[in-house]
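What follows is the content of my_file.csv, which has CSV, C-alpha atoms:
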```csv
chain,number,residue,atom,x,y,z
A,1,MET,CA,127.8,308.7,188.4
A,2,ASP,CA,131.4,308.0,187.5
A,3,LEU,CA,132.0,304.3,186.9
A,4,PHE,CA,134.8,304.0,189.5
A,5,GLU,CA,132.7,305.8,192.1
A,6,ALA,CA,129.7,303.5,191.5
A,7,ILE,CA,132.1,300.5,191.8
A,8,LYS,CA,133.4,301.7,195.2
A,9,LYS,CA,130.1,302.7,196.5
A,10,ARG,CA,128.2,299.5,195.6
A,11,HIS,CA,127.8,297.2,198.6
A,12,SER,CA,125.4,294.6,199.9
A,13,TYR,CA,122.7,296.5,201.7
A,14,ARG,CA,120.5,294.6,204.2
A,15,GLY,CA,119.0,297.6,205.9
A,16,GLY,CA,115.5,299.1,205.6
A,17,PHE,CA,114.0,301.0,202.6
A,18,GLU,CA,112.0,304.2,202.5
A,19,ASN,CA,108.3,303.6,201.8
A,20,LYS,CA,108.6,305.2,198.3
A,21,PRO,CA,108.0,303.4,195.0
A,22,VAL,CA,110.8,303.1,192.5
A,23,PRO,CA,109.6,304.7,189.2
A,24,ARG,CA,109.3,302.4,186.2
A,25,ASP,CA,111.7,304.5,184.2
A,26,HIS,CA,114.4,303.8,186.8
A,27,LEU,CA,113.5,300.1,187.0
A,28,ARG,CA,113.8,299.9,183.2
A,29,GLN,CA,117.1,301.7,183.2
A,30,ILE,CA,118.5,299.3,185.8
A,31,VAL,CA,117.3,296.2,183.8
A,32,GLN,CA,118.6,297.7,180.6
A,33,ALA,CA,122.1,297.7,182.3
A,34,GLY,CA,121.5,294.0,182.9
A,35,LEU,CA,120.5,293.4,179.2
A,36,ASP,CA,123.7,295.2,178.1
A,37,ALA,CA,126.0,292.8,180.0
A,38,PRO,CA,128.1,290.3,178.1
A,39,SER,CA,127.0,286.7,177.7
A,40,GLY,CA,128.8,283.6,176.5
A,41,CYS,CA,128.8,283.7,172.6
A,42,ASN,CA,126.4,286.6,172.9
A,43,VAL,CA,123.5,284.2,173.4
A,44,GLN,CA,121.9,286.6,176.0
A,45,THR,CA,120.4,283.8,178.1
A,46,THR,CA,119.2,285.7,181.1
A,47,ARG,CA,115.6,286.9,181.4
A,48,PHE,CA,114.3,289.4,183.8
A,49,ILE,CA,111.0,290.0,185.6
A,50,ILE,CA,110.6,293.4,187.3
A,51,VAL,CA,108.2,293.0,190.2
A,52,ASP,CA,106.5,296.3,191.2
A,53,ASP,CA,102.9,295.2,191.7
A,54,ALA,CA,102.2,296.0,195.4
A,55,ASP,CA,100.5,292.7,196.2
A,56,LEU,CA,103.2,290.6,194.5
A,57,VAL,CA,106.0,292.6,196.2
A,58,GLN,CA,104.4,292.2,199.6
A,59,THR,CA,104.0,288.4,199.1
A,60,ILE,CA,107.6,287.9,198.1
A,61,ALA,CA,108.9,290.3,200.7
A,62,GLY,CA,107.1,288.3,203.4
A,63,MET,CA,109.0,285.2,202.6
A,64,HIS,CA,112.4,286.3,204.1
A,65,GLU,CA,112.8,285.7,207.8
A,66,LYS,CA,115.5,288.2,208.5
A,67,ASN,CA,116.9,290.3,205.5
A,68,LYS,CA,115.3,293.7,206.1
A,69,ALA,CA,116.1,295.0,202.6
A,70,PHE,CA,114.2,292.0,201.3
A,71,GLN,CA,111.3,292.5,203.7
A,72,GLN,CA,111.0,296.2,202.9
A,73,ALA,CA,111.7,296.1,199.2
A,74,GLN,CA,109.8,298.5,197.0
A,75,ALA,CA,110.4,296.3,193.9
A,76,PHE,CA,112.2,293.1,193.0
A,77,ILE,CA,114.2,292.2,190.0
A,78,ALA,CA,114.2,288.5,189.3
A,79,CYS,CA,116.9,287.0,187.0
A,80,ILE,CA,115.9,283.9,185.2
A,81,VAL,CA,117.9,281.1,183.7
A,82,ASP,CA,117.2,277.7,182.2
A,83,GLU,CA,117.1,274.7,184.5
A,84,GLN,CA,118.9,272.7,181.8
A,85,PRO,CA,121.1,275.2,180.0
A,86,LYS,CA,121.9,274.4,176.4
A,87,ALA,CA,125.6,274.2,175.4
A,88,VAL,CA,126.7,277.2,173.4
A,89,TYR,CA,130.4,276.5,173.0
A,90,GLN,CA,131.6,272.9,172.7
A,91,GLU,CA,129.8,271.2,175.7
A,92,MET,CA,129.7,274.3,177.8
A,93,SER,CA,127.0,276.7,178.9
A,94,PHE,CA,127.7,280.0,180.5
A,95,GLN,CA,124.3,280.9,182.0
A,96,VAL,CA,125.6,281.3,185.5
A,97,GLU,CA,128.3,283.7,184.3
A,98,ASP,CA,125.9,285.5,182.0
A,99,CYS,CA,123.4,286.0,184.9
A,100,ALA,CA,126.2,287.1,187.3
A,101,ALA,CA,127.5,289.7,184.9
A,102,ALA,CA,124.0,291.1,184.4
A,103,VAL,CA,123.5,291.2,188.2
A,104,GLU,CA,126.7,293.2,188.6
A,105,ASN,CA,125.7,295.7,186.0
A,106,MET,CA,122.3,296.1,187.7
A,107,LEU,CA,123.9,296.5,191.1
A,108,LEU,CA,126.1,299.3,189.8
A,109,ALA,CA,123.1,301.0,188.1
A,110,ILE,CA,121.0,300.7,191.3
A,111,THR,CA,123.9,302.4,193.2
A,112,ALA,CA,124.3,305.1,190.6
A,113,LEU,CA,120.6,306.0,190.7
A,114,GLY,CA,120.6,306.3,194.5
A,115,TYR,CA,119.0,303.0,195.4
A,116,ALA,CA,120.5,300.0,197.2
A,117,SER,CA,120.2,296.2,196.9
A,118,VAL,CA,121.7,292.9,197.9
A,119,TRP,CA,122.4,289.9,195.7
A,120,VAL,CA,120.0,287.2,196.9
A,121,ASP,CA,121.1,283.8,195.5
A,122,GLY,CA,121.8,280.8,197.8
A,123,TRP,CA,118.7,281.6,199.9
A,124,LEU,CA,116.5,281.0,196.8
A,125,ARG,CA,117.9,277.5,196.3
A,126,VAL,CA,116.7,276.3,199.7
A,127,ASP,CA,113.2,275.1,200.8
A,128,GLY,CA,111.7,275.5,197.3
A,129,ARG,CA,111.8,279.3,197.5
A,130,ALA,CA,112.8,279.8,193.8
A,131,GLU,CA,110.0,277.5,192.7
A,132,ALA,CA,107.4,279.2,194.9
A,133,ILE,CA,108.3,282.7,193.7
A,134,GLY,CA,108.6,281.4,190.1
A,135,GLN,CA,105.0,280.1,190.3
A,136,ARG,CA,103.8,283.6,191.4
A,137,LEU,CA,105.6,285.1,188.4
A,138,ASN,CA,104.2,282.5,185.9
A,139,LEU,CA,107.5,281.1,185.0
A,140,PRO,CA,107.2,278.4,182.2
A,141,ALA,CA,108.5,274.9,182.8
A,142,GLY,CA,112.3,274.7,182.5
A,143,LYS,CA,112.9,278.3,183.7
A,144,ARG,CA,114.2,279.1,187.1
A,145,ILE,CA,114.9,282.3,189.2
A,146,ARG,CA,118.6,282.3,189.9
A,147,VAL,CA,119.0,285.7,191.6
A,148,LEU,CA,116.6,288.1,193.2
A,149,LEU,CA,117.4,291.8,193.8
A,150,PRO,CA,115.3,293.9,196.3
A,151,VAL,CA,115.3,297.5,195.3
A,152,GLY,CA,114.5,300.7,197.3
A,153,ILE,CA,115.9,303.9,198.7
A,154,PRO,CA,118.0,303.0,201.7
A,155,SER,CA,116.6,304.5,204.9
A,156,GLU,CA,119.5,303.8,207.2
A,157,ALA,CA,123.3,304.0,207.2
A,158,TYR,CA,124.6,300.5,206.6
A,159,LYS,CA,128.3,299.6,207.0
A,160,GLN,CA,130.1,298.7,203.9
A,161,PRO,CA,131.9,295.4,204.6
A,162,ALA,CA,135.7,295.5,204.6
A,163,LYS,CA,137.7,294.1,201.7
A,164,MET,CA,141.1,292.5,201.7
A,165,PRO,CA,143.9,294.6,200.4
A,166,PHE,CA,145.3,294.4,196.8
A,167,GLU,CA,148.5,292.6,197.7
A,168,GLN,CA,146.6,289.7,199.3
A,169,ARG,CA,144.6,288.9,196.2
A,170,ALA,CA,146.5,290.2,193.2
A,171,TRP,CA,150.1,290.0,191.9
A,172,PHE,CA,152.1,290.7,188.8
A,173,ASN,CA,153.3,287.8,186.6
A,174,GLN,CA,153.1,285.0,189.1
A,175,TYR,CA,150.8,283.7,191.9
A,176,GLY,CA,151.4,284.9,195.4
A,177,ALA,CA,154.1,287.5,194.9
A,178,ASP,CA,155.0,290.0,192.2
A,179,LYS,CA,157.7,289.0,189.7
B,180,MET,CA,133.4,307.9,182.4
B,181,ASP,CA,129.8,307.8,183.4
B,182,LEU,CA,128.6,304.3,184.5
B,183,PHE,CA,125.8,304.0,181.9
B,184,GLU,CA,128.1,305.1,179.1
B,185,ALA,CA,130.7,302.5,180.1
B,186,ILE,CA,128.0,299.8,180.2
B,187,LYS,CA,126.8,300.8,176.7
B,188,LYS,CA,130.2,301.1,175.3
B,189,ARG,CA,131.7,297.8,176.7
B,190,HIS,CA,131.7,295.0,174.1
B,191,SER,CA,133.7,291.9,173.3
B,192,TYR,CA,136.6,293.1,171.3
B,193,ARG,CA,138.5,290.6,169.1
B,194,GLY,CA,140.4,293.1,166.9
B,195,GLY,CA,144.1,294.1,167.0
B,196,PHE,CA,145.8,296.2,169.7
B,197,GLU,CA,148.3,299.1,169.3
B,198,ASN,CA,151.9,298.1,170.2
B,199,LYS,CA,151.9,300.3,173.3
B,200,PRO,CA,152.2,298.9,176.9
B,201,VAL,CA,149.4,299.4,179.4
B,202,PRO,CA,150.9,301.3,182.4
B,203,ARG,CA,150.9,299.5,185.7
B,204,ASP,CA,148.8,302.2,187.4
B,205,HIS,CA,146.0,301.5,184.9
B,206,LEU,CA,146.4,297.7,185.3
B,207,ARG,CA,146.1,298.1,189.1
B,208,GLN,CA,143.1,300.4,188.7
B,209,ILE,CA,141.4,297.7,186.5
B,210,VAL,CA,142.1,294.9,188.9
B,211,GLN,CA,141.0,297.0,191.9
B,212,ALA,CA,137.6,297.2,190.2
B,213,GLY,CA,137.6,293.4,190.2
B,214,LEU,CA,138.6,293.3,193.9
B,215,ASP,CA,135.7,295.7,194.7
B,216,ALA,CA,133.1,293.3,193.1
B,217,PRO,CA,130.6,291.5,195.4
B,218,SER,CA,131.2,287.9,196.4
B,219,GLY,CA,129.1,285.3,198.1
B,220,CYS,CA,129.1,285.9,201.9
B,221,ASN,CA,131.9,288.5,201.1
B,222,VAL,CA,134.5,285.7,201.1
B,223,GLN,CA,136.4,287.4,198.2
B,224,THR,CA,137.4,284.1,196.6
B,225,THR,CA,138.8,285.3,193.2
B,226,ARG,CA,142.6,285.9,192.9
B,227,PHE,CA,144.2,287.9,190.0
B,228,ILE,CA,147.5,287.7,188.2
B,229,ILE,CA,148.4,290.7,186.0
B,230,VAL,CA,150.7,289.5,183.3
B,231,ASP,CA,152.8,292.3,181.8
B,232,ASP,CA,156.2,290.7,181.5
B,233,ALA,CA,156.9,290.9,177.7
B,234,ASP,CA,158.1,287.2,177.4
B,235,LEU,CA,155.2,285.9,179.4
B,236,VAL,CA,152.7,287.9,177.4
B,237,GLN,CA,154.1,286.7,174.2
B,238,THR,CA,154.1,283.1,175.2
B,239,ILE,CA,150.4,283.2,176.3
B,240,ALA,CA,149.4,285.4,173.3
B,241,GLY,CA,150.9,282.8,170.9
B,242,MET,CA,148.6,280.0,172.2
B,243,HIS,CA,145.4,281.4,170.5
B,244,GLU,CA,144.9,280.3,167.0
B,245,LYS,CA,142.5,283.0,165.9
B,246,ASN,CA,141.5,285.7,168.5
B,247,LYS,CA,143.5,288.8,167.4
B,248,ALA,CA,143.0,290.6,170.6
B,249,PHE,CA,144.5,287.6,172.4
B,250,GLN,CA,147.4,287.4,170.0
B,251,GLN,CA,148.2,291.1,170.2
B,252,ALA,CA,147.5,291.6,173.9
B,253,GLN,CA,149.8,294.1,175.7
B,254,ALA,CA,148.9,292.5,179.0
B,255,PHE,CA,146.6,289.8,180.4
B,256,ILE,CA,144.6,289.6,183.6
B,257,ALA,CA,144.1,286.0,184.8
B,258,CYS,CA,141.2,285.4,187.2
B,259,ILE,CA,141.8,282.5,189.5
B,260,VAL,CA,139.4,280.2,191.4
B,261,ASP,CA,139.7,277.0,193.5
B,262,GLU,CA,139.4,273.7,191.7
B,263,GLN,CA,137.4,272.4,194.6
B,264,PRO,CA,135.6,275.5,196.0
B,265,LYS,CA,134.6,275.4,199.7
B,266,ALA,CA,131.0,275.8,200.6
B,267,VAL,CA,130.3,279.3,202.1
B,268,TYR,CA,126.5,279.1,202.5
B,269,GLN,CA,124.9,275.8,203.4
B,270,GLU,CA,126.4,273.4,200.8
B,271,MET,CA,126.9,276.1,198.2
B,272,SER,CA,129.9,277.9,196.7
B,273,PHE,CA,129.6,281.0,194.6
B,274,GLN,CA,133.1,281.1,193.1
B,275,VAL,CA,131.8,281.2,189.5
B,276,GLU,CA,129.5,284.1,190.3
B,277,ASP,CA,132.2,285.9,192.3
B,278,CYS,CA,134.6,285.6,189.4
B,279,ALA,CA,132.0,286.7,186.8
B,280,ALA,CA,131.1,289.8,188.8
B,281,ALA,CA,134.8,290.7,189.1
B,282,VAL,CA,135.3,290.2,185.4
B,283,GLU,CA,132.3,292.5,184.6
B,284,ASN,CA,133.7,295.2,186.8
B,285,MET,CA,137.1,294.9,185.1
B,286,LEU,CA,135.6,295.0,181.6
B,287,LEU,CA,133.8,298.2,182.5
B,288,ALA,CA,137.0,299.7,184.0
B,289,ILE,CA,139.0,298.6,180.8
B,290,THR,CA,136.3,300.4,178.7
B,291,ALA,CA,136.3,303.6,180.8
B,292,LEU,CA,140.1,303.8,180.6
B,293,GLY,CA,140.1,303.6,176.8
B,294,TYR,CA,141.2,300.0,176.5
B,295,ALA,CA,139.4,297.0,175.1
B,296,SER,CA,139.1,293.3,176.0
B,297,VAL,CA,137.2,290.1,175.6
B,298,TRP,CA,136.1,287.6,178.2
B,299,VAL,CA,138.1,284.4,177.4
B,300,ASP,CA,136.6,281.5,179.3
B,301,GLY,CA,135.5,278.3,177.5
B,302,TRP,CA,138.6,278.3,175.4
B,303,LEU,CA,140.7,277.9,178.5
B,304,ARG,CA,138.9,274.7,179.5
B,305,VAL,CA,139.9,272.8,176.4
B,306,ASP,CA,143.1,271.0,175.5
B,307,GLY,CA,144.7,271.7,178.9
B,308,ARG,CA,145.1,275.5,178.2
B,309,ALA,CA,144.2,276.7,181.7
B,310,GLU,CA,146.7,274.2,183.2
B,311,ALA,CA,149.5,275.2,180.8
B,312,ILE,CA,149.1,278.9,181.4
B,313,GLY,CA,148.7,278.2,185.2
B,314,GLN,CA,152.0,276.5,185.2
B,315,ARG,CA,153.7,279.5,183.6
B,316,LEU,CA,152.2,281.7,186.4
B,317,ASN,CA,153.2,279.4,189.2
B,318,LEU,CA,149.7,278.6,190.3
B,319,PRO,CA,149.7,276.4,193.4
B,320,ALA,CA,147.9,273.0,193.4
B,321,GLY,CA,144.2,273.4,193.7
B,322,LYS,CA,144.1,276.8,191.9
B,323,ARG,CA,142.9,277.3,188.4
B,324,ILE,CA,142.6,280.1,185.8
B,325,ARG,CA,138.9,280.5,185.1
B,326,VAL,CA,138.9,283.7,182.9
B,327,LEU,CA,141.7,285.5,181.0
B,328,LEU,CA,141.3,289.0,179.8
B,329,PRO,CA,143.7,290.4,177.1
B,330,VAL,CA,144.1,294.2,177.4
B,331,GLY,CA,145.3,296.8,175.0
B,332,ILE,CA,144.4,300.0,173.1
B,333,PRO,CA,142.1,298.9,170.2
B,334,SER,CA,143.7,299.6,166.9
B,335,GLU,CA,140.7,299.0,164.7
B,336,ALA,CA,137.0,299.6,164.5
B,337,TYR,CA,135.2,296.5,165.7
B,338,LYS,CA,131.5,296.1,165.4
B,339,GLN,CA,129.6,295.9,168.7
B,340,PRO,CA,127.3,292.9,168.4
B,341,ALA,CA,123.5,293.5,168.3
B,342,LYS,CA,121.5,292.8,171.5
B,343,MET,CA,117.9,291.7,171.7
B,344,PRO,CA,115.3,294.4,172.6
B,345,PHE,CA,114.0,294.9,176.1
B,346,GLU,CA,110.6,293.4,175.4
B,347,GLN,CA,112.0,290.1,174.4
B,348,ARG,CA,113.9,289.5,177.6
B,349,ALA,CA,112.3,291.6,180.3
B,350,TRP,CA,108.7,292.1,181.6
B,351,PHE,CA,106.8,293.5,184.5
B,352,ASN,CA,105.3,291.2,187.1
B,353,GLN,CA,105.1,288.0,185.1
B,354,TYR,CA,107.1,286.0,182.6
B,355,GLY,CA,106.7,286.7,178.9
B,356,ALA,CA,104.3,289.7,179.0
B,357,ASP,CA,103.8,292.7,181.3
B,358,LYS,CA,101.1,292.5,183.9
```

As a first step, turn the structure in this file into structure tokens.
Amino acid sequence: MDLFEAIKKRHSYRGGFENKPVPRDHLRQIVQAGLDAPSGCNVQTTRFIIVDDADLVQTIAGMHEKNKAFQQAQAFIACIVDEQPKAVYQEMSFQVEDCAAAVENMLLAITALGYASVWVDGWLRVDGRAEAIGQRLNLPAGKRIRVLLPVGIPSEAYKQPAKMPFEQRAWFNQYGADK
Amino acid sequence: MDLFEAIKKRHSYRGGFENKPVPRDHLRQIVQAGLDAPSGCNVQTTRFIIVDDADLVQTIAGMHEKNKAFQQAQAFIACIVDEQPKAVYQEMSFQVEDCAAAVENMLLAITALGYASVWVDGWLRVDGRAEAIGQRLNLPAGKRIRVLLPVGIPSEAYKQPAKMPFEQRAWFNQYGADK
């Protein structure tokens, strides 16, 4: 799929999924897109666990009270960062940015291959969910799931949310109005 | 360009640029890709300033002591966030993630259109650089440049940095080894 088409088509999908597994070659291709994303000082901090074991998928899927895409996921991709990120440039770490860039690449890959997903992030940080899922996936101490992507073939039409127009968010040469 | 080709081809470019302006329709298309990126709760927090005024470009370009792509940029794209981001989900803000996803979309668009760039981030946070450039771009109080992308047509071959193999960063169903 053309890059710009994938960018336009990608949107957060919270609908149901068909009951069809996602082949491993597609899951690998999606995660490879994440591995190819940029990272601060090329340190490549993000790690990935692809969850496609039926029992594990079901256990994780059952944890969400209302996100249908999560509940009916055929696979999950967990994006893992360090709890105490090391500095890579002066005093700074870029693990949050590294992970987000990888997630965006994967969302585009998911779209291009005919699947759908939604970026699950804040939900994980509440009520010990990241920790509980991390335990199931044998995360070592110091590692933490930052983002979880449910993956599947969308089974329903799901409205793409509206975006603000260009002029309200972008300008030439100065803030707030073209110059 | 095909999505997966753009993802493979994108890399941090710190070489020189040809002395040719980037047309505004391309700059708009690149920033539109950023606007199309996901954001936490679809709040669309990131703002963008496209710098293509020759004097402004020259002033900003002159601030970097060694990044040739920065020094020879034909245009810059500044990505702007709030200094004190508002919470959008429970106590959380996702402005860093929002901005990173937008940057990744724009880097892919830059690649697909035949340009090159490099994600300039940590450098901005040192020695008051973000503030100094923000002043030039008339940023209102409370807004801050988080990322700056130099844009131009690459004028030299620049080695794409090596990436770790899949098996060292990604596994099926548990951390560190497939299961």

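Between chain B and its sequence-identical counterpart chain A, the C-alpha RMSD after optimal superposition is 0.1 Å.
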
(request) Kindly indicate which residue among A:Gly15, A:Gly134, A:Pro154, A:Gly114 lies nearest to chain B, using only C-alpha atoms for the distances. (result)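 Closest to chain B of all the choices is A:Gly134.
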
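For the atom pair formed by atom CA of Ile256 of chain B and atom CA of Asn284 of chain B, the distance is 12.7 Å, given to one decimal.
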
(request) Identify, on the basis of only C-alpha atoms, every residue whose closest approach to Phe351 of chain B does not exceed 10 Å; exclude the query and any residue fewer than 3 positions from it along the same chain; express the result as a list in words. (result)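 Final neighbour list, sorted by chain and number: Arg24, Leu27, Arg28, Phe48, Ile49, Ile50, Val51, Asp52, Asp53, Ile77 and Leu137 of chain A; Glu346, Tyr354, Gly355, Ala356, Asp357 and Lys358 of chain B.
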
(request) Could you give me, as an NGL selection string, the residues within 12 Å of Gln135 of chain A, counting only C-alpha atoms and dropping anything in the same chain fewer than 2 positions from it? (result) (:A and (56 or 60 or 128-133 or 137-145)) or (:B and (352-354))

(message) When you count only C-alpha atoms, which of these residues is closest to Leu35 of chain A: B:Val236, B:Ala281, B:Pro264, B:Ile186?
(response) B:Ile186

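Residues with at least one atom no more than 12 Å from (142.3, 294.8, 198.0), using all atoms listed in the file, are Lys8, Ala162, Lys163, Met164, Pro165, Phe166, Glu167, Gln168, Arg169, Ala170 and Trp171 of chain A; Arg207, Gln208, Ile209, Val210, Gln211, Ala212, Gly213, Leu214, Asp215, Ala216, Gln223, Thr224, Thr225, Arg226 and Phe227 of chain B.
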
(request) Quote the spacing between atom CA of Leu148 of chain A and atom CA of Ser272 of chain B in Å to one decimal place. (result)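 That distance, rounded to one decimal, is 17.1 Å.
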
(request) Would you list the contacts of segment 243-247 of chain B as a list in words, taking every protein, DNA or RNA residue within 10 Å and counting all atoms listed in the file, but skipping same-chain residues closer than 4 positions in sequence? (result)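 Contacts, in chain order: Tyr192, Arg193, Gly194, Gly195, Phe196, Ile239, Gln251, Ala252, Val297, Val299, Trp302, Leu303, Arg308 and Pro329 of chain B.
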
(request) May I ask for the distance between atom CA of Tyr337 of chain B and atom CA of Val96 of chain A, given in Å to one decimal place? (result)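 Going from atom CA of Tyr337 of chain B over to atom CA of Val96 of chain A, I get 26.7 Å.
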
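Residues of protein, DNA and RNA with at least one atom no farther than 6 Å from (128.2, 291.0, 202.0) are, using all atoms listed in the file, Ser12 of chain A; Cys220 and Asn221 of chain B.
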
(message) Here is a test: counting only C-alpha atoms, which residue of B:His205, B:Lys265, B:Lys338, B:Arg315 is nearest to chain A?
(response)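 Selected residue with least distance to chain A: B:Arg315.
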
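Comparing the minimum interatomic distances between Tyr294 of chain B and each of B:Lys188, B:Asp306, B:Asp234, B:Gly331, counting all atoms listed in the file, we find that B:Gly331 sits nearest.
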
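Restricting the calculation to all atoms listed in the file, the smallest distance between chain A and any of B:Ser296, B:Ala280, B:Val330, B:Met242 is found for B:Ala280.
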
(request) Could you tell me which of A:Val126, A:Ala116, A:Ala157, A:Met106 comes closest to Phe70 of chain A if we count only C-alpha atoms? (result)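 The closest residue to Phe70 of chain A is A:Ala116.
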